[in-house]
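Content type mmCIF, C-alpha atoms and all ligand atoms, from the file query_18.cif:
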```cif
data_start
#
loop_
_atom_site.group_PDB
_atom_site.id
_atom_site.type_symbol
_atom_site.label_atom_id
_atom_site.label_comp_id
_atom_site.auth_asym_id
_atom_site.auth_seq_id
_atom_site.Cartn_x
_atom_site.Cartn_y
_atom_site.Cartn_z
ATOM 1 C CA MET A 1 0.000 0.000 0.000
ATOM 2 C CA LEU A 2 1.491 3.306 -1.130
ATOM 3 C CA ALA A 3 0.610 6.858 -0.079
ATOM 4 C CA LEU A 4 1.115 9.545 -2.712
ATOM 5 C CA ALA A 5 2.062 12.451 -0.533
ATOM 6 C CA ASN A 6 3.763 15.814 -0.634
ATOM 7 C CA GLN A 7 2.412 18.785 1.291
ATOM 8 C CA LYS A 8 3.234 20.979 -1.667
ATOM 9 C CA GLY A 9 0.235 21.457 -3.941
ATOM 10 C CA GLY A 10 0.159 20.785 -7.652
ATOM 11 C CA VAL A 11 3.256 18.592 -7.862
ATOM 12 C CA GLY A 12 1.604 15.645 -9.633
ATOM 13 C CA LYS A 13 0.243 13.459 -6.814
ATOM 14 C CA THR A 14 -3.144 12.964 -8.424
ATOM 15 C CA THR A 15 -1.825 12.723 -11.990
ATOM 16 C CA THR A 16 0.488 9.979 -10.757
ATOM 17 C CA ALA A 17 -2.290 8.227 -8.807
ATOM 18 C CA ILE A 18 -4.446 8.103 -11.943
ATOM 19 C CA ASN A 19 -1.881 7.199 -14.568
ATOM 20 C CA LEU A 20 0.457 4.932 -12.605
ATOM 21 C CA SER A 21 -2.465 2.906 -11.256
ATOM 22 C CA THR A 22 -3.841 2.651 -14.802
ATOM 23 C CA ALA A 23 -0.487 1.475 -16.178
ATOM 24 C CA LEU A 24 -0.117 -1.161 -13.442
ATOM 25 C CA ALA A 25 -3.683 -2.426 -13.975
ATOM 26 C CA LEU A 26 -3.084 -2.722 -17.711
ATOM 27 C CA LYS A 27 -0.003 -4.797 -16.948
ATOM 28 C CA GLY A 28 -2.225 -7.273 -15.110
ATOM 29 C CA CYS A 29 -2.108 -6.026 -11.501
ATOM 30 C CA SER A 30 -5.261 -5.528 -9.477
ATOM 31 C CA VAL A 31 -5.187 -1.980 -8.182
ATOM 32 C CA LEU A 32 -7.225 0.194 -5.836
ATOM 33 C CA VAL A 33 -7.014 3.985 -5.684
ATOM 34 C CA VAL A 34 -8.297 5.660 -2.524
ATOM 35 C CA ASP A 35 -9.094 9.330 -3.107
ATOM 36 C CA LEU A 36 -8.425 10.981 0.247
ATOM 37 C CA ASP A 37 -8.511 14.553 -1.034
ATOM 38 C CA SER A 38 -11.704 16.582 -0.689
ATOM 39 C CA GLN A 39 -10.841 18.215 -4.042
ATOM 40 C CA GLY A 40 -11.733 14.832 -5.553
ATOM 41 C CA ASN A 41 -9.457 15.217 -8.563
ATOM 42 C CA ALA A 42 -8.673 11.508 -8.776
ATOM 43 C CA THR A 43 -12.391 10.718 -8.584
ATOM 44 C CA THR A 44 -13.374 13.055 -11.404
ATOM 45 C CA GLY A 45 -10.207 12.140 -13.314
ATOM 46 C CA PHE A 46 -11.604 8.618 -13.612
ATOM 47 C CA GLY A 47 -14.905 10.010 -14.851
ATOM 48 C CA LEU A 48 -16.906 9.518 -11.659
ATOM 49 C CA THR A 49 -19.229 12.309 -10.654
ATOM 50 C CA ARG A 50 -19.558 13.190 -7.028
ATOM 51 C CA GLN A 51 -23.203 14.203 -7.261
ATOM 52 C CA GLU A 52 -24.676 10.796 -6.540
ATOM 53 C CA PRO A 53 -25.953 11.038 -2.954
ATOM 54 C CA SER A 54 -25.702 7.287 -2.441
ATOM 55 C CA LEU A 55 -22.027 7.200 -3.391
ATOM 56 C CA ALA A 56 -19.983 5.587 -0.634
ATOM 57 C CA THR A 57 -16.681 7.372 -0.216
ATOM 58 C CA SER A 58 -13.358 7.471 1.593
ATOM 59 C CA TYR A 59 -15.130 9.595 4.227
ATOM 60 C CA ASP A 60 -17.308 6.566 5.033
ATOM 61 C CA LEU A 61 -14.145 4.506 5.409
ATOM 62 C CA LEU A 62 -12.691 7.010 7.864
ATOM 63 C CA CYS A 63 -15.904 7.140 9.869
ATOM 64 C CA ARG A 64 -16.134 3.353 9.697
ATOM 65 C CA THR A 65 -19.772 3.618 8.714
ATOM 66 C CA LYS A 66 -19.206 1.459 5.623
ATOM 67 C CA GLU A 67 -16.883 -1.386 4.776
ATOM 68 C CA LEU A 68 -14.370 -1.223 1.936
ATOM 69 C CA ASP A 69 -16.499 -3.505 -0.240
ATOM 70 C CA ALA A 70 -19.353 -1.014 -0.145
ATOM 71 C CA CYS A 71 -17.076 1.887 -1.127
ATOM 72 C CA ARG A 72 -15.170 0.410 -4.078
ATOM 73 C CA LYS A 73 -16.265 1.522 -7.531
ATOM 74 C CA ALA A 74 -15.204 0.118 -10.887
ATOM 75 C CA THR A 75 -13.441 2.403 -13.376
ATOM 76 C CA ALA A 76 -13.221 2.160 -17.161
ATOM 77 C CA ILE A 77 -9.917 0.307 -16.713
ATOM 78 C CA PRO A 78 -10.171 -3.427 -15.992
ATOM 79 C CA ARG A 79 -8.773 -4.517 -12.597
ATOM 80 C CA LEU A 80 -8.727 -0.892 -11.395
ATOM 81 C CA GLU A 81 -11.149 0.278 -8.712
ATOM 82 C CA ILE A 82 -11.488 3.524 -6.795
ATOM 83 C CA VAL A 83 -12.855 4.654 -3.463
ATOM 84 C CA PRO A 84 -14.176 8.117 -4.388
ATOM 85 C CA SER A 85 -13.645 11.252 -2.356
ATOM 86 C CA SER A 86 -16.260 13.312 -0.575
ATOM 87 C CA LEU A 87 -16.532 16.978 0.348
ATOM 88 C CA ASP A 88 -17.258 15.720 3.871
ATOM 89 C CA LEU A 89 -13.528 14.984 4.189
ATOM 90 C CA VAL A 90 -13.089 18.697 4.916
ATOM 91 C CA GLY A 91 -14.700 18.283 8.327
ATOM 92 C CA ALA A 92 -13.372 14.825 9.124
ATOM 93 C CA GLU A 93 -10.541 16.010 11.324
ATOM 94 C CA VAL A 94 -12.810 18.030 13.598
ATOM 95 C CA GLU A 95 -15.413 15.283 13.741
ATOM 96 C CA LEU A 96 -12.911 12.611 14.679
ATOM 97 C CA ALA A 97 -10.723 14.790 16.917
ATOM 98 C CA GLN A 98 -11.993 13.145 20.088
ATOM 99 C CA GLN A 99 -11.410 9.609 18.871
ATOM 100 C CA GLU A 100 -8.362 7.933 20.288
ATOM 101 C CA ASP A 101 -7.863 5.922 17.097
ATOM 102 C CA ARG A 102 -8.260 8.929 14.794
ATOM 103 C CA PHE A 103 -4.968 8.343 12.965
ATOM 104 C CA THR A 104 -5.441 4.605 12.442
ATOM 105 C CA ARG A 105 -8.987 4.628 11.091
ATOM 106 C CA LEU A 106 -8.039 4.317 7.439
ATOM 107 C CA LYS A 107 -5.505 1.611 8.297
ATOM 108 C CA LYS A 108 -8.243 -0.443 9.937
ATOM 109 C CA ALA A 109 -10.683 0.167 7.103
ATOM 110 C CA LEU A 110 -8.139 -0.977 4.524
ATOM 111 C CA GLU A 111 -6.790 -3.906 6.523
ATOM 112 C CA GLN A 112 -8.047 -6.547 4.134
ATOM 113 C CA SER A 113 -7.093 -4.708 0.976
ATOM 114 C CA ASP A 114 -3.468 -5.869 0.923
ATOM 115 C CA SER A 115 -4.430 -9.457 0.310
ATOM 116 C CA ARG A 116 -6.939 -8.499 -2.376
ATOM 117 C CA PHE A 117 -5.009 -5.950 -4.425
ATOM 118 C CA ASP A 118 -1.481 -5.988 -5.772
ATOM 119 C CA TYR A 119 -1.292 -2.230 -5.283
ATOM 120 C CA VAL A 120 -3.296 0.255 -3.235
ATOM 121 C CA PHE A 121 -2.576 3.949 -3.878
ATOM 122 C CA ILE A 122 -3.810 6.610 -1.496
ATOM 123 C CA ASP A 123 -4.023 10.045 -3.121
ATOM 124 C CA CYS A 124 -3.350 12.563 -0.335
ATOM 125 C CA PRO A 125 -4.337 16.229 -0.092
ATOM 126 C CA PRO A 126 -1.613 18.915 -0.186
ATOM 127 C CA ALA A 127 -1.125 19.142 3.587
ATOM 128 C CA LEU A 128 0.496 17.076 6.302
ATOM 129 C CA GLY A 129 -2.684 17.057 8.361
ATOM 130 C CA PHE A 130 -5.085 14.500 9.655
ATOM 131 C CA LEU A 131 -5.878 12.880 6.288
ATOM 132 C CA THR A 132 -2.268 12.472 5.159
ATOM 133 C CA LEU A 133 -1.353 11.096 8.610
ATOM 134 C CA ASN A 134 -4.096 8.492 8.236
ATOM 135 C CA ALA A 135 -2.611 7.563 4.868
ATOM 136 C CA LEU A 136 0.924 7.345 6.291
ATOM 137 C CA CYS A 137 -0.346 5.078 9.078
ATOM 138 C CA ALA A 138 -2.075 2.761 6.641
ATOM 139 C CA ALA A 139 0.677 2.641 4.017
ATOM 140 C CA ASP A 140 3.789 0.491 3.835
ATOM 141 C CA ALA A 141 5.585 3.211 1.940
ATOM 142 C CA ILE A 142 5.295 6.683 0.531
ATOM 143 C CA LEU A 143 5.762 7.706 -3.077
ATOM 144 C CA VAL A 144 6.738 11.364 -3.289
ATOM 145 C CA PRO A 145 6.120 13.252 -6.531
ATOM 146 C CA LEU A 146 8.510 16.186 -6.823
ATOM 147 C CA GLN A 147 7.967 18.879 -9.415
ATOM 148 C CA CYS A 148 11.081 19.878 -11.371
ATOM 149 C CA GLU A 149 11.179 23.488 -10.234
ATOM 150 C CA PHE A 150 13.450 25.672 -8.210
ATOM 151 C CA PHE A 151 12.104 25.111 -4.693
ATOM 152 C CA ALA A 152 11.389 21.428 -5.225
ATOM 153 C CA LEU A 153 13.752 20.091 -2.595
ATOM 154 C CA GLU A 154 12.967 22.765 -0.030
ATOM 155 C CA GLY A 155 9.727 21.262 1.225
ATOM 156 C CA LEU A 156 11.166 17.799 1.184
ATOM 157 C CA SER A 157 13.066 18.129 4.464
ATOM 158 C CA HIS A 158 9.775 18.929 6.218
ATOM 159 C CA LEU A 159 8.189 15.863 4.677
ATOM 160 C CA LEU A 160 11.157 13.685 5.710
ATOM 161 C CA LYS A 161 10.825 14.946 9.297
ATOM 162 C CA THR A 162 7.132 14.071 9.297
ATOM 163 C CA ILE A 163 7.923 10.591 7.984
ATOM 164 C CA ALA A 164 10.481 10.111 10.783
ATOM 165 C CA ARG A 165 7.927 11.208 13.367
ATOM 166 C CA VAL A 166 5.238 8.919 11.951
ATOM 167 C CA ARG A 167 7.737 6.076 12.099
ATOM 168 C CA THR A 168 8.458 6.515 15.796
ATOM 169 C CA LYS A 169 4.907 7.269 16.891
ATOM 170 C CA LEU A 170 2.452 5.633 14.528
ATOM 171 C CA ASN A 171 3.853 3.334 11.859
ATOM 172 C CA PRO A 172 7.351 1.860 12.272
ATOM 173 C CA ARG A 173 7.081 0.038 8.900
ATOM 174 C CA LEU A 174 6.805 3.202 6.839
ATOM 175 C CA THR A 175 9.524 3.543 4.207
ATOM 176 C CA ILE A 176 10.076 5.756 1.192
ATOM 177 C CA GLU A 177 9.170 3.775 -1.893
ATOM 178 C CA GLY A 178 10.559 6.355 -4.240
ATOM 179 C CA VAL A 179 10.752 9.962 -5.320
ATOM 180 C CA LEU A 180 9.260 10.738 -8.718
ATOM 181 C CA LEU A 181 10.399 13.778 -10.666
ATOM 182 C CA THR A 182 7.428 15.250 -12.510
ATOM 183 C CA MET A 183 6.847 17.965 -15.115
ATOM 184 C CA TYR A 184 10.377 17.522 -16.396
ATOM 185 C CA ASP A 185 11.223 19.851 -19.265
ATOM 186 C CA GLN A 186 14.274 18.768 -21.200
ATOM 187 C CA ARG A 187 14.621 22.133 -22.927
ATOM 188 C CA ASN A 188 15.054 23.778 -19.568
ATOM 189 C CA ASN A 189 18.451 23.653 -17.820
ATOM 190 C CA LEU A 190 16.761 24.150 -14.478
ATOM 191 C CA SER A 191 14.947 20.815 -14.829
ATOM 192 C CA GLU A 192 18.276 19.093 -15.396
ATOM 193 C CA MET A 193 19.738 20.804 -12.322
ATOM 194 C CA ILE A 194 16.829 19.662 -10.147
ATOM 195 C CA VAL A 195 17.274 16.084 -11.376
ATOM 196 C CA GLU A 196 20.981 16.151 -10.481
ATOM 197 C CA ASP A 197 20.269 17.794 -7.148
ATOM 198 C CA ALA A 198 17.591 15.247 -6.247
ATOM 199 C CA ARG A 199 19.844 12.344 -7.244
ATOM 200 C CA SER A 200 22.772 13.638 -5.209
ATOM 201 C CA HIS A 201 20.587 14.121 -2.098
ATOM 202 C CA LEU A 202 18.330 11.091 -2.378
ATOM 203 C CA GLY A 203 20.432 8.644 -4.364
ATOM 204 C CA ASP A 204 18.665 5.622 -5.757
ATOM 205 C CA LYS A 205 15.391 6.591 -4.065
ATOM 206 C CA VAL A 206 14.820 8.743 -7.150
ATOM 207 C CA TYR A 207 13.121 6.786 -9.918
ATOM 208 C CA LYS A 208 15.071 6.526 -13.160
ATOM 209 C CA THR A 209 11.885 7.325 -15.038
ATOM 210 C CA LEU A 210 11.203 11.055 -15.368
ATOM 211 C CA ILE A 211 7.681 12.280 -16.069
ATOM 212 C CA PRO A 212 7.861 14.975 -18.767
ATOM 213 C CA ARG A 213 5.742 18.072 -18.799
ATOM 214 C CA ASN A 214 3.054 17.020 -21.228
ATOM 215 C CA VAL A 215 -0.117 18.912 -22.001
ATOM 216 C CA ARG A 216 -2.042 15.715 -22.784
ATOM 217 C CA LEU A 217 -1.621 14.645 -19.154
ATOM 218 C CA SER A 218 -3.268 17.846 -17.988
ATOM 219 C CA GLU A 219 -6.070 17.656 -20.575
ATOM 220 C CA ALA A 220 -7.091 14.063 -19.882
ATOM 221 C CA PRO A 221 -8.800 14.661 -16.472
ATOM 222 C CA SER A 222 -11.205 17.201 -17.950
ATOM 223 C CA HIS A 223 -12.448 14.361 -20.171
ATOM 224 C CA GLY A 224 -12.758 12.104 -17.112
ATOM 225 C CA LYS A 225 -10.147 9.759 -18.517
ATOM 226 C CA PRO A 226 -6.704 8.522 -17.598
ATOM 227 C CA ALA A 227 -4.160 9.498 -20.264
ATOM 228 C CA HIS A 228 -4.173 5.932 -21.593
ATOM 229 C CA LEU A 229 -7.789 6.319 -22.747
ATOM 230 C CA TYR A 230 -7.338 9.906 -23.895
ATOM 231 C CA ASP A 231 -4.115 9.599 -25.900
ATOM 232 C CA SER A 232 -2.250 6.406 -25.179
ATOM 233 C CA GLN A 233 0.773 7.407 -27.265
ATOM 234 C CA CYS A 234 1.377 10.766 -25.594
ATOM 235 C CA ALA A 235 4.776 11.192 -23.946
ATOM 236 C CA GLY A 236 3.204 11.495 -20.491
ATOM 237 C CA ASN A 237 1.341 8.210 -20.712
ATOM 238 C CA LEU A 238 4.385 6.415 -22.107
ATOM 239 C CA ALA A 239 6.416 7.724 -19.157
ATOM 240 C CA TYR A 240 3.882 6.374 -16.638
ATOM 241 C CA GLU A 241 3.994 3.004 -18.435
ATOM 242 C CA LYS A 242 7.765 3.036 -18.091
ATOM 243 C CA LEU A 243 7.464 3.912 -14.410
ATOM 244 C CA ALA A 244 5.071 0.998 -13.861
ATOM 245 C CA LEU A 245 7.632 -1.314 -15.417
ATOM 246 C CA GLU A 246 10.415 0.138 -13.255
ATOM 247 C CA ILE A 247 8.316 -0.423 -10.119
ATOM 248 C CA LEU A 248 7.353 -3.974 -11.101
ATOM 249 C CA THR A 249 10.961 -4.857 -11.923
ATOM 250 C CA ALA A 250 12.168 -3.469 -8.581
ATOM 251 C CA ARG A 251 9.513 -5.472 -6.752
ATOM 252 C CA THR A 252 10.473 -8.705 -8.530
ATOM 253 C CA ALA A 253 14.141 -8.089 -7.694
ATOM 254 C CA LYS A 254 13.208 -7.531 -4.027
ATOM 255 C CA THR A 255 11.153 -10.683 -3.657
ATOM 256 C CA SER A 256 13.453 -13.035 -5.564
HETATM 257 N N1 LIG A 301 3.608 15.852 -16.241
HETATM 258 C C1 LIG A 301 2.711 16.833 -16.340
HETATM 259 N N2 LIG A 301 2.669 17.608 -17.447
HETATM 260 C C2 LIG A 301 1.784 18.615 -17.559
HETATM 261 N N3 LIG A 301 0.856 18.913 -16.619
HETATM 262 C C3 LIG A 301 0.847 18.170 -15.493
HETATM 263 C C4 LIG A 301 1.754 17.092 -15.297
HETATM 264 N N4 LIG A 301 1.503 16.539 -14.078
HETATM 265 C C5 LIG A 301 0.491 17.233 -13.562
HETATM 266 N N5 LIG A 301 0.077 18.221 -14.393
HETATM 267 C C6 LIG A 301 -0.974 19.210 -14.166
HETATM 268 O O1 LIG A 301 -0.577 20.018 -13.086
HETATM 269 C C7 LIG A 301 -1.656 20.263 -12.205
HETATM 270 C C8 LIG A 301 -1.336 19.682 -10.820
HETATM 271 O O2 LIG A 301 -1.193 18.262 -10.941
HETATM 272 P P1 LIG A 301 -1.870 17.286 -9.900
HETATM 273 O O3 LIG A 301 -3.303 17.626 -9.698
HETATM 274 O O4 LIG A 301 -1.539 15.906 -10.302
HETATM 275 O O5 LIG A 301 -1.035 17.665 -8.612
HETATM 276 P P2 LIG A 301 -1.391 17.348 -7.088
HETATM 277 O O6 LIG A 301 -0.080 17.259 -6.394
HETATM 278 O O7 LIG A 301 -2.306 16.214 -6.972
HETATM 279 O O8 LIG A 301 -2.151 18.687 -6.676
HETATM 280 P P3 LIG A 301 -2.916 18.935 -5.283
HETATM 281 O O9 LIG A 301 -1.825 19.162 -4.316
HETATM 282 O O10 LIG A 301 -3.751 20.145 -5.541
HETATM 283 O O11 LIG A 301 -3.712 17.708 -4.993
HETATM 284 C C9 LIG A 301 -2.873 19.635 -12.845
HETATM 285 O O12 LIG A 301 -3.539 20.594 -13.596
HETATM 286 C C10 LIG A 301 -2.274 18.567 -13.742
HETATM 287 O O13 LIG A 301 -3.113 18.272 -14.843
HETATM 288 MG MG MG A 302 -4.138 16.066 -5.974
#
```
Take the structure in this file and express it as C-alpha cells.
Amino acid sequence: MLALANQKGGVGKTTTAINLSTALALKGCSVLVVDLDSQGNATTGFGLTRQEPSLATSYDLLCRTKELDACRKATAIPRLEIVPSSLDLVGAEVELAQQEDRFTRLKKALEQSDSRFDYVFIDCPPALGFLTLNALCAADAILVPLQCEFFALEGLSHLLKTIARVRTKLNPRLTIEGVLLTMYDQRNNLSEMIVEDARSHLGDKVYKTLIPRNVRLSEAPSHGKPAHLYDSQCAGNLAYEKLALEILTARTAKTS
C-alpha cells in the first residue's frame, strides 16, 4: 500500500495516482485507488461524478460507517477500482478529533485490501494534516512526486521529518518507496539541475523514469479519462507506463 504524498500542492500526486495505477492495472495487476482529497481530482479524473448522494466514499471509510467492499467503484480500466472522495472529508478532522484511534482509522478500514489488491494507492491532499497522517499510518511506503522546479527540494526536508515522526509514533514500517520527478522539461536547464540535485541528495530513491511536462496529461482529467484512454501514445502516458515497469521490476528483484 502506497501513499502519494507531498504537502506541496500541484506537484503531480493525483496525476500519478491516476496514470500509474492505470499502467499497473493494464499490466495485469489488481489496483485500488483511494481518493483521500476533498478536491476529488482523482475521482473526477476517472470520470466519476460526485453528485450521486448514495455514493460511498473514503469519508465513510474514515468514519467506519461502511466497509471497503461497499465503497469500491469500478473504473473504465479493468482490474482498477477507486474509493471516491467526498466533500465531507473537509470536516473529518474536527469530527474525529476526540477519537483515540483517529490516525489509524483508514488503516483499519483498509486492513483486508493488501491481500486483495497488488497495489493500493492513497491520493493525499496537499497538507500534512489529519488525512495524510491516516494515509501514512495505513501505508507500507510513501511515493513522493517532486515537481522539477526551483524550490522542489525545499519542502522535502519537512516531509522527511514528518515521515520520521510517523515512524516513531504511529507506523514503524513506513519507508520511502521512491521519489518521482514530474513535469520535467528537457529544454530547460533548471529541470536538469533539479534532477541532479535530487539524485545527489536522495540517491537511488529517485526513480530513473522522469515524467515529462506534457499537455495531454493535464487535458485528460477534464475528459474524465486517464491518459491511456485519452491519448495512449502521448509522452506522459508512455512515461507512466515506463514507471510501472520500473516499479514492477524493482519489486520482482526484491522478492526473488
Ligand atoms: N507531467 C505533467 N505535465 C503537464 N501537466 C501536469 C503534469 N503533471 C500534472 N500536471 C498538471 O498540473 C496540475 C497539478 O497536478 P496534480 O493535480 O496531479 O497535482 P497534485 O499534487 O495532486 O495537486 P494537489 O496538491 O492540488 O492535490 C494539474 O492541472 C495537472 O493536470
Ligand atoms: Mg491532488
- Item | Picked residues, the PyMOL selection byres (((chain A and resi 100-113) around 9) and not hetatm), as number ranges by chain | A: 1, 32, 58, 61-64, 66-68, 93, 96-99, 114-120, 130-131, 133-139, 170
Expected file: the selected residues, C-alpha atoms, as a short mmCIF file (atom, residue, chain, number, x, y, z; two decimals), keeping the file's coordinate frame:
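So again_39.cif came out as:
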```cif
data_model
loop_
_atom_site.label_atom_id
_atom_site.label_comp_id
_atom_site.auth_asym_id
_atom_site.auth_seq_id
_atom_site.Cartn_x
_atom_site.Cartn_y
_atom_site.Cartn_z
CA MET A 1 0.00 0.00 0.00
CA LEU A 32 -7.22 0.19 -5.84
CA SER A 58 -13.36 7.47 1.59
CA LEU A 61 -14.14 4.51 5.41
CA LEU A 62 -12.69 7.01 7.86
CA CYS A 63 -15.90 7.14 9.87
CA ARG A 64 -16.13 3.35 9.70
CA LYS A 66 -19.21 1.46 5.62
CA GLU A 67 -16.88 -1.39 4.78
CA LEU A 68 -14.37 -1.22 1.94
CA GLU A 93 -10.54 16.01 11.32
CA LEU A 96 -12.91 12.61 14.68
CA ALA A 97 -10.72 14.79 16.92
CA GLN A 98 -11.99 13.14 20.09
CA GLN A 99 -11.41 9.61 18.87
CA ASP A 114 -3.47 -5.87 0.92
CA SER A 115 -4.43 -9.46 0.31
CA ARG A 116 -6.94 -8.50 -2.38
CA PHE A 117 -5.01 -5.95 -4.42
CA ASP A 118 -1.48 -5.99 -5.77
CA TYR A 119 -1.29 -2.23 -5.28
CA VAL A 120 -3.30 0.26 -3.24
CA PHE A 130 -5.08 14.50 9.65
CA LEU A 131 -5.88 12.88 6.29
CA LEU A 133 -1.35 11.10 8.61
CA ASN A 134 -4.10 8.49 8.24
CA ALA A 135 -2.61 7.56 4.87
CA LEU A 136 0.92 7.34 6.29
CA CYS A 137 -0.35 5.08 9.08
CA ALA A 138 -2.08 2.76 6.64
CA ALA A 139 0.68 2.64 4.02
CA LEU A 170 2.45 5.63 14.53
#
```
Selection within 9 Å of ligand LIG 301 (chain A) by only C-alpha atoms and all ligand atoms, output as a PDB file with C-alpha atoms, in the coordinates of the input:
```
ATOM      1  CA  LEU A   4       1.115   9.545  -2.712  1.00  0.00           C
ATOM      2  CA  ALA A   5       2.062  12.451  -0.533  1.00  0.00           C
ATOM      3  CA  ASN A   6       3.763  15.814  -0.634  1.00  0.00           C
ATOM      4  CA  GLN A   7       2.412  18.785   1.291  1.00  0.00           C
ATOM      5  CA  LYS A   8       3.234  20.979  -1.667  1.00  0.00           C
ATOM      6  CA  GLY A   9       0.235  21.457  -3.941  1.00  0.00           C
ATOM      7  CA  GLY A  10       0.159  20.785  -7.652  1.00  0.00           C
ATOM      8  CA  VAL A  11       3.256  18.592  -7.862  1.00  0.00           C
ATOM      9  CA  GLY A  12       1.604  15.645  -9.633  1.00  0.00           C
ATOM     10  CA  LYS A  13       0.243  13.459  -6.814  1.00  0.00           C
ATOM     11  CA  THR A  14      -3.144  12.964  -8.424  1.00  0.00           C
ATOM     12  CA  THR A  15      -1.825  12.723 -11.990  1.00  0.00           C
ATOM     13  CA  THR A  16       0.488   9.979 -10.757  1.00  0.00           C
ATOM     14  CA  ALA A  17      -2.290   8.227  -8.807  1.00  0.00           C
ATOM     15  CA  ILE A  18      -4.446   8.103 -11.943  1.00  0.00           C
ATOM     16  CA  ASP A  37      -8.511  14.553  -1.034  1.00  0.00           C
ATOM     17  CA  GLN A  39     -10.841  18.215  -4.042  1.00  0.00           C
ATOM     18  CA  GLY A  40     -11.733  14.832  -5.553  1.00  0.00           C
ATOM     19  CA  ASN A  41      -9.457  15.217  -8.563  1.00  0.00           C
ATOM     20  CA  ALA A  42      -8.673  11.508  -8.776  1.00  0.00           C
ATOM     21  CA  ASP A 123      -4.023  10.045  -3.121  1.00  0.00           C
ATOM     22  CA  CYS A 124      -3.350  12.563  -0.335  1.00  0.00           C
ATOM     23  CA  PRO A 125      -4.337  16.229  -0.092  1.00  0.00           C
ATOM     24  CA  PRO A 126      -1.613  18.915  -0.186  1.00  0.00           C
ATOM     25  CA  ALA A 127      -1.125  19.142   3.587  1.00  0.00           C
ATOM     26  CA  PRO A 145       6.120  13.252  -6.531  1.00  0.00           C
ATOM     27  CA  LEU A 146       8.510  16.186  -6.823  1.00  0.00           C
ATOM     28  CA  GLN A 147       7.967  18.879  -9.415  1.00  0.00           C
ATOM     29  CA  THR A 182       7.428  15.250 -12.510  1.00  0.00           C
ATOM     30  CA  MET A 183       6.847  17.965 -15.115  1.00  0.00           C
ATOM     31  CA  TYR A 184      10.377  17.522 -16.396  1.00  0.00           C
ATOM     32  CA  ILE A 211       7.681  12.280 -16.069  1.00  0.00           C
ATOM     33  CA  PRO A 212       7.861  14.975 -18.767  1.00  0.00           C
ATOM     34  CA  ARG A 213       5.742  18.072 -18.799  1.00  0.00           C
ATOM     35  CA  ASN A 214       3.054  17.020 -21.228  1.00  0.00           C
ATOM     36  CA  VAL A 215      -0.117  18.912 -22.001  1.00  0.00           C
ATOM     37  CA  ARG A 216      -2.042  15.715 -22.784  1.00  0.00           C
ATOM     38  CA  LEU A 217      -1.621  14.645 -19.154  1.00  0.00           C
ATOM     39  CA  SER A 218      -3.268  17.846 -17.988  1.00  0.00           C
ATOM     40  CA  GLU A 219      -6.070  17.656 -20.575  1.00  0.00           C
ATOM     41  CA  ALA A 220      -7.091  14.063 -19.882  1.00  0.00           C
ATOM     42  CA  PRO A 221      -8.800  14.661 -16.472  1.00  0.00           C
ATOM     43  CA  SER A 222     -11.205  17.201 -17.950  1.00  0.00           C
ATOM     44  CA  GLY A 236       3.204  11.495 -20.491  1.00  0.00           C
TER      45      GLY A 236
END
```
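Distances here use all atoms listed in the file; by that measure, the residue among A:Leu245, A:Ile122, A:Leu2, A:Leu160 closest to ligand MG 302 (chain A) is A:Ile122.
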- Task: Can you work out which one of A:Gln51, A:Val94, A:Ser30, A:Thr162 has the shortest atom-to-atom distance to A:Ile82, counting all atoms listed in the file?
- Result: A:Ser30
- Considering only C-alpha atoms, state which residue in the set A:Gln186, A:Asn19, A:Leu24, A:Ser54 is at the smallest distance from A:Ala227. A:Asn19
- Note on the structure: Counting only C-alpha atoms, closest pick from A:Leu180, A:Ala250, A:Leu128, A:Met193 relative to A:Ile163 is A:Leu128
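Ranking A:Leu248, A:Val31, A:Leu36, A:Ala253 by their shortest atom-to-atom distance to ligand MG 302 (chain A), with all atoms listed in the file included, puts A:Leu36 first.
Atom to atom, atom CA of A:Glu241 and atom CA of A:Glu192 stand 21.7 Å apart.
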- Task: Run the PyMOL selection byres (((chain A and resi 197-199) around 10) and not hetatm) on the file and write out the hits as an MDAnalysis selection string.
- Result: chainID A and resid 146 148 152:153 179:181 191:196 200:208
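Closest approach to ligand MG 302 (chain A) from the set A:Thr49, A:Asn237, A:Asn188, A:Ser85 is made by A:Ser85, with distances taken over only C-alpha atoms and all ligand atoms.
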- Go ahead and compute the interatomic distance for atom CA of A:Tyr59 and atom CA of A:Asn171, in Å to one decimal. 21.4 Å
- Gap from atom CA of A:Lys225 to atom CA of A:Thr43 - Å, one decimal: 10.2 Å
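Evaluated against the shown file, the PyMOL selection byres (((chain A and resi 76) around 12) and not hetatm) gives A:Ile18, A:Thr22, A:Ala25, A:Leu26, A:Gly45, A:Phe46, A:Gly47, A:Leu48, A:Lys73, A:Ala74, A:Thr75, A:Ile77, A:Pro78, A:Arg79, A:Leu80, A:Glu81, A:Ile82, A:Gly224, A:Lys225, A:Pro226, A:His228, A:Leu229, A:Tyr230.
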Box centre and edge lengths (Å, one decimal), axis-aligned, stretch 39-44 of chain A plus 4 Å each side, as lines of an AutoDock Vina configuration file:
```
center_x = -11.0
center_y = 14.5
center_z = -7.7
size_x = 12.7
size_y = 15.5
size_z = 15.4
```
